[in-house]
>>> print(open('target.cif').read())   # mmCIF, N, CA and C atoms
data_query
#
loop_
_atom_site.label_atom_id
_atom_site.label_comp_id
_atom_site.auth_asym_id
_atom_site.auth_seq_id
_atom_site.Cartn_x
_atom_site.Cartn_y
_atom_site.Cartn_z
N MET A 754 64.00 41.16 -79.47
CA MET A 754 64.94 40.81 -78.42
C MET A 754 66.02 39.93 -79.05
N THR A 755 67.25 40.27 -78.78
CA THR A 755 68.37 39.52 -79.35
C THR A 755 68.75 38.38 -78.42
N SER A 756 69.58 37.50 -78.94
CA SER A 756 70.02 36.38 -78.10
C SER A 756 70.88 36.86 -76.95
N LEU A 757 71.57 38.00 -77.12
CA LEU A 757 72.36 38.56 -76.03
C LEU A 757 71.45 39.02 -74.90
N ASP A 758 70.32 39.68 -75.26
CA ASP A 758 69.36 40.11 -74.25
C ASP A 758 68.81 38.90 -73.49
N THR A 759 68.49 37.86 -74.22
CA THR A 759 67.97 36.65 -73.60
C THR A 759 68.98 36.04 -72.65
N LEU A 760 70.23 35.97 -73.07
CA LEU A 760 71.30 35.43 -72.24
C LEU A 760 71.46 36.25 -70.96
N LEU A 761 71.42 37.57 -71.08
CA LEU A 761 71.56 38.43 -69.91
C LEU A 761 70.38 38.25 -68.94
N ARG A 762 69.19 38.11 -69.48
CA ARG A 762 68.02 37.91 -68.63
C ARG A 762 68.10 36.56 -67.90
N VAL A 763 68.56 35.52 -68.59
CA VAL A 763 68.70 34.21 -67.97
C VAL A 763 69.72 34.26 -66.84
N ARG A 764 70.83 34.95 -67.09
CA ARG A 764 71.86 35.07 -66.04
C ARG A 764 71.33 35.85 -64.85
N ALA A 765 70.58 36.92 -65.11
CA ALA A 765 70.02 37.71 -64.01
C ALA A 765 69.03 36.86 -63.21
N LEU A 766 68.24 36.06 -63.90
CA LEU A 766 67.28 35.19 -63.22
C LEU A 766 68.00 34.15 -62.38
N ARG A 767 69.04 33.56 -62.92
CA ARG A 767 69.82 32.56 -62.15
C ARG A 767 70.43 33.19 -60.91
N THR A 768 70.95 34.41 -61.05
CA THR A 768 71.54 35.11 -59.91
C THR A 768 70.49 35.38 -58.84
N ALA A 769 69.31 35.80 -59.26
CA ALA A 769 68.24 36.08 -58.31
C ALA A 769 67.82 34.81 -57.58
N ILE A 770 67.73 33.69 -58.31
CA ILE A 770 67.35 32.43 -57.69
C ILE A 770 68.42 31.99 -56.69
N ALA A 771 69.68 32.11 -57.06
CA ALA A 771 70.76 31.74 -56.15
C ALA A 771 70.75 32.60 -54.89
N ALA A 772 70.51 33.90 -55.06
CA ALA A 772 70.46 34.80 -53.91
C ALA A 772 69.30 34.43 -53.00
N SER A 773 68.17 34.09 -53.59
CA SER A 773 67.00 33.69 -52.79
C SER A 773 67.29 32.42 -52.01
N ALA A 774 67.97 31.47 -52.65
CA ALA A 774 68.31 30.21 -51.98
C ALA A 774 69.23 30.47 -50.80
N VAL A 775 70.18 31.36 -50.96
CA VAL A 775 71.10 31.70 -49.87
C VAL A 775 70.32 32.35 -48.72
N CYS A 776 69.39 33.24 -49.04
CA CYS A 776 68.59 33.89 -48.00
C CYS A 776 67.78 32.86 -47.22
N VAL A 777 67.18 31.93 -47.93
CA VAL A 777 66.39 30.90 -47.26
C VAL A 777 67.28 30.05 -46.35
N ALA A 778 68.44 29.67 -46.85
CA ALA A 778 69.36 28.84 -46.05
C ALA A 778 69.81 29.58 -44.79
N VAL A 779 70.15 30.85 -44.92
CA VAL A 779 70.59 31.64 -43.76
C VAL A 779 69.44 31.79 -42.77
N THR A 780 68.25 32.07 -43.26
CA THR A 780 67.09 32.22 -42.38
C THR A 780 66.82 30.93 -41.62
N LEU A 781 66.86 29.81 -42.31
CA LEU A 781 66.61 28.53 -41.65
C LEU A 781 67.67 28.23 -40.60
N SER A 782 68.92 28.53 -40.90
CA SER A 782 69.96 28.25 -39.91
C SER A 782 69.80 29.13 -38.67
N ILE A 783 69.37 30.37 -38.86
CA ILE A 783 69.14 31.26 -37.72
C ILE A 783 67.96 30.77 -36.89
N VAL A 784 66.88 30.39 -37.56
CA VAL A 784 65.69 29.90 -36.85
C VAL A 784 66.02 28.63 -36.08
N CYS A 785 66.76 27.71 -36.71
CA CYS A 785 67.11 26.45 -36.03
C CYS A 785 67.98 26.71 -34.81
N LYS A 786 68.93 27.62 -34.91
CA LYS A 786 69.78 27.93 -33.76
C LYS A 786 68.97 28.60 -32.66
N ALA A 787 68.01 29.44 -33.04
CA ALA A 787 67.18 30.09 -32.04
C ALA A 787 66.31 29.07 -31.31
N ASP A 788 65.80 28.07 -32.03
CA ASP A 788 64.99 27.03 -31.40
C ASP A 788 65.82 26.22 -30.42
N GLU A 789 67.08 25.95 -30.74
CA GLU A 789 67.93 25.17 -29.86
C GLU A 789 68.25 25.95 -28.59
N ALA A 790 68.30 27.28 -28.69
CA ALA A 790 68.66 28.11 -27.55
C ALA A 790 67.49 28.27 -26.57
N LYS A 791 66.26 28.08 -27.04
CA LYS A 791 65.09 28.25 -26.17
C LYS A 791 65.03 27.12 -25.15
N PRO A 792 64.62 27.43 -23.92
CA PRO A 792 64.44 26.35 -22.96
C PRO A 792 63.26 25.49 -23.39
N ALA A 793 63.40 24.21 -23.22
CA ALA A 793 62.34 23.28 -23.63
C ALA A 793 61.21 23.30 -22.62
N THR A 794 60.01 23.37 -23.12
CA THR A 794 58.83 23.23 -22.28
C THR A 794 58.46 21.76 -22.25
N PRO A 795 57.60 21.34 -21.35
CA PRO A 795 57.22 19.92 -21.35
C PRO A 795 56.69 19.44 -22.69
N MET A 796 55.92 20.28 -23.41
CA MET A 796 55.35 19.84 -24.68
C MET A 796 56.43 19.73 -25.74
N THR A 797 57.38 20.67 -25.80
CA THR A 797 58.43 20.56 -26.80
C THR A 797 59.34 19.38 -26.50
N GLN A 798 59.53 19.07 -25.22
CA GLN A 798 60.30 17.89 -24.89
C GLN A 798 59.59 16.65 -25.40
N TYR A 799 58.29 16.61 -25.22
CA TYR A 799 57.51 15.45 -25.65
C TYR A 799 57.53 15.31 -27.17
N GLN A 800 57.39 16.42 -27.88
CA GLN A 800 57.34 16.38 -29.34
C GLN A 800 58.69 16.08 -29.96
N SER A 801 59.76 16.63 -29.41
CA SER A 801 61.05 16.47 -30.05
C SER A 801 61.83 15.28 -29.53
N GLY A 802 61.37 14.67 -28.47
CA GLY A 802 62.06 13.51 -27.93
C GLY A 802 63.26 13.89 -27.08
N LYS A 803 63.42 15.21 -26.74
CA LYS A 803 64.57 15.65 -25.96
C LYS A 803 64.40 15.34 -24.47
N GLY A 804 63.17 15.25 -24.01
CA GLY A 804 62.92 15.08 -22.59
C GLY A 804 62.89 13.63 -22.18
N GLU A 805 62.71 13.44 -20.92
CA GLU A 805 62.61 12.10 -20.37
C GLU A 805 61.27 11.50 -20.77
N THR A 806 61.26 10.24 -21.08
CA THR A 806 60.02 9.53 -21.36
C THR A 806 59.44 9.07 -20.03
N PRO A 807 58.14 9.32 -19.79
CA PRO A 807 57.55 8.89 -18.52
C PRO A 807 57.61 7.38 -18.38
N GLU A 808 57.73 6.95 -17.15
CA GLU A 808 57.73 5.52 -16.86
C GLU A 808 56.42 4.92 -17.32
N PRO A 809 56.42 3.67 -17.84
CA PRO A 809 55.17 3.06 -18.28
C PRO A 809 54.11 2.99 -17.20
N GLY A 810 54.49 2.79 -15.96
CA GLY A 810 53.53 2.69 -14.87
C GLY A 810 53.27 4.00 -14.16
N ALA A 811 53.78 5.10 -14.68
CA ALA A 811 53.65 6.39 -14.01
C ALA A 811 52.20 6.85 -14.02
N LYS A 812 51.79 7.50 -12.94
CA LYS A 812 50.44 8.03 -12.85
C LYS A 812 50.34 9.28 -13.71
N ALA A 813 49.12 9.64 -14.07
CA ALA A 813 48.89 10.82 -14.91
C ALA A 813 49.45 12.08 -14.26
N ALA A 814 49.41 12.17 -12.93
CA ALA A 814 49.91 13.34 -12.24
C ALA A 814 51.43 13.46 -12.36
N ASP A 815 52.12 12.32 -12.56
CA ASP A 815 53.57 12.34 -12.68
C ASP A 815 54.03 12.75 -14.08
N GLN A 816 53.12 12.71 -15.06
CA GLN A 816 53.49 13.04 -16.43
C GLN A 816 53.40 14.55 -16.63
N PRO A 817 54.27 15.09 -17.51
CA PRO A 817 54.22 16.52 -17.77
C PRO A 817 52.89 16.92 -18.40
N ALA A 818 52.48 18.17 -18.15
CA ALA A 818 51.25 18.67 -18.74
C ALA A 818 51.36 18.66 -20.25
N GLY A 819 50.31 18.26 -20.92
CA GLY A 819 50.31 18.25 -22.38
C GLY A 819 50.81 16.95 -22.97
N ALA A 820 51.42 16.09 -22.17
CA ALA A 820 51.95 14.83 -22.66
C ALA A 820 50.93 13.73 -22.42
N GLU A 821 49.77 13.89 -23.06
CA GLU A 821 48.70 12.92 -22.85
C GLU A 821 49.04 11.61 -23.54
N LYS A 822 48.55 10.54 -22.95
CA LYS A 822 48.79 9.21 -23.49
C LYS A 822 48.00 9.05 -24.79
N ALA A 823 48.63 8.47 -25.80
CA ALA A 823 47.96 8.22 -27.06
C ALA A 823 46.86 7.19 -26.84
N PRO A 824 45.75 7.33 -27.56
CA PRO A 824 44.67 6.36 -27.37
C PRO A 824 45.13 4.97 -27.79
N GLU A 825 44.56 3.96 -27.11
CA GLU A 825 44.87 2.58 -27.44
C GLU A 825 44.44 2.28 -28.86
N PHE A 826 45.18 1.41 -29.54
CA PHE A 826 44.83 0.99 -30.88
C PHE A 826 43.64 0.03 -30.81
N SER A 827 42.65 0.28 -31.62
CA SER A 827 41.48 -0.58 -31.68
C SER A 827 41.36 -1.11 -33.10
N ALA A 828 41.54 -2.42 -33.26
CA ALA A 828 41.44 -3.01 -34.60
C ALA A 828 40.04 -2.79 -35.16
N HIS A 829 39.02 -2.96 -34.32
CA HIS A 829 37.65 -2.77 -34.78
C HIS A 829 37.41 -1.32 -35.22
N GLY A 830 37.82 -0.36 -34.39
CA GLY A 830 37.64 1.05 -34.72
C GLY A 830 38.43 1.45 -35.96
N THR A 831 39.66 0.97 -36.04
CA THR A 831 40.50 1.28 -37.19
C THR A 831 39.89 0.68 -38.46
N PHE A 832 39.46 -0.56 -38.37
CA PHE A 832 38.87 -1.21 -39.54
C PHE A 832 37.62 -0.44 -39.98
N SER A 833 36.79 -0.07 -39.02
CA SER A 833 35.56 0.65 -39.34
C SER A 833 35.83 1.98 -40.01
N SER A 834 36.80 2.73 -39.51
CA SER A 834 37.04 4.07 -40.02
C SER A 834 37.93 4.13 -41.25
N ILE A 835 38.80 3.16 -41.44
CA ILE A 835 39.73 3.21 -42.57
C ILE A 835 39.41 2.12 -43.60
N CYS A 836 39.40 0.88 -43.17
CA CYS A 836 39.23 -0.24 -44.10
C CYS A 836 37.78 -0.37 -44.56
N GLY A 837 36.85 0.04 -43.69
CA GLY A 837 35.43 -0.10 -43.98
C GLY A 837 34.96 0.67 -45.18
N PHE A 838 35.76 1.61 -45.64
CA PHE A 838 35.40 2.37 -46.84
C PHE A 838 35.31 1.44 -48.05
N CYS A 839 36.17 0.45 -48.11
CA CYS A 839 36.18 -0.50 -49.24
C CYS A 839 35.62 -1.87 -48.87
N HIS A 840 35.82 -2.29 -47.64
CA HIS A 840 35.38 -3.60 -47.19
C HIS A 840 34.14 -3.39 -46.32
N GLU A 841 32.97 -3.45 -46.93
CA GLU A 841 31.72 -3.06 -46.27
C GLU A 841 31.31 -4.00 -45.14
N ASP A 842 30.46 -3.45 -44.28
CA ASP A 842 29.91 -4.17 -43.13
C ASP A 842 31.03 -4.79 -42.29
N GLY A 843 32.08 -4.01 -42.05
CA GLY A 843 33.19 -4.47 -41.22
C GLY A 843 33.97 -5.60 -41.86
N GLY A 844 33.94 -5.72 -43.18
CA GLY A 844 34.67 -6.78 -43.87
C GLY A 844 33.82 -7.99 -44.18
N ARG A 845 32.54 -7.91 -43.80
CA ARG A 845 31.65 -9.06 -44.02
C ARG A 845 31.07 -9.11 -45.43
N ARG A 846 31.09 -7.96 -46.14
CA ARG A 846 30.56 -7.91 -47.50
C ARG A 846 31.56 -7.23 -48.42
N ALA A 847 31.52 -7.60 -49.68
CA ALA A 847 32.36 -6.95 -50.67
C ALA A 847 31.82 -5.55 -50.96
N GLY A 848 32.71 -4.63 -51.18
CA GLY A 848 32.35 -3.27 -51.59
C GLY A 848 33.28 -2.95 -52.75
N LYS A 849 34.04 -1.88 -52.60
CA LYS A 849 35.09 -1.60 -53.58
C LYS A 849 36.20 -2.63 -53.46
N GLY A 850 36.32 -3.20 -52.27
CA GLY A 850 37.29 -4.26 -52.00
C GLY A 850 36.55 -5.55 -51.72
N PRO A 851 37.27 -6.67 -51.65
CA PRO A 851 36.61 -7.97 -51.47
C PRO A 851 36.07 -8.18 -50.05
N GLN A 852 35.18 -9.14 -49.92
CA GLN A 852 34.72 -9.59 -48.61
C GLN A 852 35.91 -10.25 -47.93
N LEU A 853 36.11 -9.95 -46.67
CA LEU A 853 37.24 -10.53 -45.95
C LEU A 853 36.83 -11.65 -45.00
N MET A 854 35.58 -11.63 -44.57
CA MET A 854 35.11 -12.70 -43.69
C MET A 854 35.18 -14.02 -44.45
N GLY A 855 35.83 -15.00 -43.84
CA GLY A 855 35.94 -16.32 -44.45
C GLY A 855 36.93 -16.40 -45.60
N THR A 856 37.85 -15.46 -45.68
CA THR A 856 38.82 -15.45 -46.77
C THR A 856 39.70 -16.70 -46.76
N ASP A 857 40.13 -17.13 -47.94
CA ASP A 857 41.02 -18.29 -48.03
C ASP A 857 42.50 -17.89 -47.97
N LYS A 858 42.77 -16.60 -47.81
CA LYS A 858 44.16 -16.11 -47.71
C LYS A 858 44.75 -16.51 -46.35
N THR A 859 46.07 -16.73 -46.34
CA THR A 859 46.76 -17.03 -45.09
C THR A 859 46.95 -15.74 -44.29
N ASP A 860 47.26 -15.88 -43.02
CA ASP A 860 47.54 -14.70 -42.19
C ASP A 860 48.68 -13.89 -42.79
N GLU A 861 49.70 -14.58 -43.28
CA GLU A 861 50.85 -13.90 -43.87
C GLU A 861 50.44 -13.12 -45.12
N GLN A 862 49.57 -13.70 -45.93
CA GLN A 862 49.11 -13.00 -47.14
C GLN A 862 48.30 -11.76 -46.78
N ILE A 863 47.43 -11.89 -45.78
CA ILE A 863 46.64 -10.73 -45.35
C ILE A 863 47.56 -9.65 -44.78
N PHE A 864 48.50 -10.08 -43.94
CA PHE A 864 49.47 -9.14 -43.34
C PHE A 864 50.21 -8.38 -44.43
N ASN A 865 50.74 -9.11 -45.40
CA ASN A 865 51.51 -8.47 -46.49
C ASN A 865 50.64 -7.56 -47.34
N ARG A 866 49.39 -7.93 -47.56
CA ARG A 866 48.51 -7.07 -48.36
C ARG A 866 48.25 -5.77 -47.62
N ILE A 867 48.02 -5.83 -46.32
CA ILE A 867 47.80 -4.61 -45.53
C ILE A 867 49.07 -3.76 -45.53
N LYS A 868 50.20 -4.39 -45.28
CA LYS A 868 51.46 -3.65 -45.16
C LYS A 868 51.93 -3.07 -46.49
N PHE A 869 51.90 -3.88 -47.55
CA PHE A 869 52.47 -3.45 -48.83
C PHE A 869 51.45 -3.05 -49.88
N GLY A 870 50.17 -3.36 -49.64
CA GLY A 870 49.13 -3.01 -50.58
C GLY A 870 49.19 -3.83 -51.85
N LYS A 871 48.44 -3.40 -52.85
CA LYS A 871 48.44 -4.04 -54.16
C LYS A 871 48.27 -2.91 -55.17
N PRO A 872 49.29 -2.67 -55.99
CA PRO A 872 49.22 -1.54 -56.94
C PRO A 872 47.93 -1.53 -57.75
N GLY A 873 47.28 -0.39 -57.75
CA GLY A 873 46.06 -0.21 -58.50
C GLY A 873 44.82 -0.76 -57.82
N ARG A 874 44.97 -1.43 -56.70
CA ARG A 874 43.83 -2.06 -56.02
C ARG A 874 43.70 -1.62 -54.56
N MET A 875 44.81 -1.65 -53.82
CA MET A 875 44.75 -1.32 -52.40
C MET A 875 46.01 -0.57 -52.00
N ALA A 876 45.80 0.47 -51.19
CA ALA A 876 46.93 1.26 -50.70
C ALA A 876 47.74 0.45 -49.69
N ALA A 877 49.02 0.78 -49.58
CA ALA A 877 49.89 0.17 -48.58
C ALA A 877 49.74 0.94 -47.27
N PHE A 878 49.58 0.21 -46.18
CA PHE A 878 49.41 0.85 -44.87
C PHE A 878 50.58 0.58 -43.93
N GLY A 879 51.69 0.06 -44.46
CA GLY A 879 52.86 -0.22 -43.64
C GLY A 879 53.45 1.01 -42.99
N GLY A 880 53.26 2.16 -43.60
CA GLY A 880 53.75 3.40 -43.01
C GLY A 880 52.82 3.98 -41.97
N ALA A 881 51.57 3.52 -41.98
CA ALA A 881 50.58 4.05 -41.04
C ALA A 881 50.44 3.19 -39.79
N PHE A 882 50.70 1.90 -39.92
CA PHE A 882 50.53 0.97 -38.81
C PHE A 882 51.82 0.24 -38.51
N THR A 883 52.01 -0.10 -37.25
CA THR A 883 53.15 -0.93 -36.86
C THR A 883 52.82 -2.37 -37.22
N ASP A 884 53.82 -3.23 -37.22
CA ASP A 884 53.60 -4.65 -37.51
C ASP A 884 52.62 -5.25 -36.50
N ASP A 885 52.73 -4.84 -35.23
CA ASP A 885 51.83 -5.36 -34.21
C ASP A 885 50.39 -4.94 -34.49
N GLN A 886 50.19 -3.70 -34.92
CA GLN A 886 48.85 -3.23 -35.24
C GLN A 886 48.28 -3.99 -36.45
N ILE A 887 49.13 -4.26 -37.44
CA ILE A 887 48.67 -5.02 -38.60
C ILE A 887 48.28 -6.43 -38.16
N LYS A 888 49.04 -7.02 -37.25
CA LYS A 888 48.69 -8.36 -36.74
C LYS A 888 47.32 -8.32 -36.03
N GLN A 889 47.04 -7.22 -35.33
CA GLN A 889 45.74 -7.08 -34.68
C GLN A 889 44.62 -6.98 -35.72
N LEU A 890 44.90 -6.29 -36.82
CA LEU A 890 43.91 -6.20 -37.90
C LEU A 890 43.67 -7.57 -38.53
N VAL A 891 44.74 -8.35 -38.70
CA VAL A 891 44.61 -9.71 -39.24
C VAL A 891 43.74 -10.55 -38.29
N ALA A 892 43.98 -10.44 -37.00
CA ALA A 892 43.18 -11.18 -36.02
C ALA A 892 41.71 -10.75 -36.08
N TYR A 893 41.49 -9.45 -36.25
CA TYR A 893 40.11 -8.94 -36.38
C TYR A 893 39.43 -9.59 -37.59
N ILE A 894 40.13 -9.63 -38.72
CA ILE A 894 39.58 -10.24 -39.94
C ILE A 894 39.28 -11.71 -39.72
N ARG A 895 40.20 -12.41 -39.08
CA ARG A 895 40.01 -13.85 -38.81
C ARG A 895 38.81 -14.12 -37.92
N ASN A 896 38.49 -13.20 -37.03
CA ASN A 896 37.39 -13.40 -36.08
C ASN A 896 36.05 -12.86 -36.58
N LEU A 897 35.97 -12.41 -37.82
CA LEU A 897 34.70 -11.90 -38.35
C LEU A 897 33.67 -13.04 -38.42
N LYS A 898 32.47 -12.76 -37.95
CA LYS A 898 31.37 -13.71 -37.97
C LYS A 898 30.19 -13.03 -38.64
N PRO A 899 29.30 -13.79 -39.26
CA PRO A 899 28.10 -13.17 -39.86
C PRO A 899 27.24 -12.51 -38.78
N ARG A 900 26.53 -11.48 -39.15
CA ARG A 900 25.65 -10.79 -38.18
C ARG A 900 24.30 -11.42 -38.18
#
>>> encode(input="target.cif", output="structure tokens")
Amino acid sequence: MTSLDTLLRVRALRTAIAASAVCVAVTLSIVCKADEAKPATPMTQYQSGKGETPEPGAKAADQPAGAEKAPEFSAHGTFSSICGFCHEDGGRRAGKGPQLMGTDKTDEQIFNRIKFGKPGRMAAFGGAFTDDQIKQLVAYIRNLKPR
């Protein structure tokens, strides 16, 4: 194979890739326009944020079908299912992570560790929890008592 053959093959490959990219872009634009043209159902309104948000005090019958209320945040449940993997016995004993009951860390230090993590030691959960939820987790840790 000569260098001219190689050059021609590279150009043909680049052309094919460019054509594929154009096809994908056109297909996506058609699909997106078709989605905008469809009438919104209660569930698509809920998912896309296009519809009205139910009043906080609204009864379940007043809410659109499929727009179920998200479960309440439980610091205990969250700690047990997520944090408990490393902080054993609900944070009362060290596991892969340290014991949290009776920690000498400040609330701010605990908050920042949960939110930003520690490279190589603990994952950051700031993207998974709101600041209020992290504060609830800090309060849970502060209230840990021996069993």
>>> axis_aligned_box(input="target.cif", around="stretch 832-847 of chain A", padding_each_side="8 Å", output="JSON")
{"center_x": 34.8, "center_y": -2.5, "center_z": -44.7, "size_x": 25.8, "size_y": 29.2, "size_z": 28.6}
>>> residues_near_point(input="target.cif", point="(41.7, -11.4, -44.8)", cutoff="8 Å", atoms="only C-alpha atoms", output="PyMOL selection string")
chain A and resi 853-860+862-863+891+894-895
>>> residues_around(input="target.cif", residues="stretch 875-887 of chain A", least_positions_apart="4", cutoff="8 Å", atoms="only C-alpha atoms", output="count of residues only")
10
>>> closest_residue(input="target.cif", among="A:His829, A:Arg874, A:Lys888, A:Lys898", to="A:Arg845", atoms="only C-alpha atoms")
A:Lys898
>>> residues_around(input="target.cif", residues="A:Gly848", least_positions_apart="6", cutoff="6.5 Å", atoms="all atoms listed in the file", output="PDB file with N, CA and C atoms, keeping the file's coordinate frame")
ATOM      1  N   CYS A 839      36.170   0.450 -48.110  1.00  0.00           N
ATOM      2  CA  CYS A 839      36.180  -0.500 -49.240  1.00  0.00           C
ATOM      3  C   CYS A 839      35.620  -1.870 -48.870  1.00  0.00           C
ATOM      4  N   HIS A 840      35.820  -2.290 -47.640  1.00  0.00           N
ATOM      5  CA  HIS A 840      35.380  -3.600 -47.190  1.00  0.00           C
ATOM      6  C   HIS A 840      34.140  -3.390 -46.320  1.00  0.00           C
ATOM      7  N   GLU A 841      32.970  -3.450 -46.930  1.00  0.00           N
ATOM      8  CA  GLU A 841      31.720  -3.060 -46.270  1.00  0.00           C
ATOM      9  C   GLU A 841      31.310  -4.000 -45.140  1.00  0.00           C
TER      10      GLU A 841
END
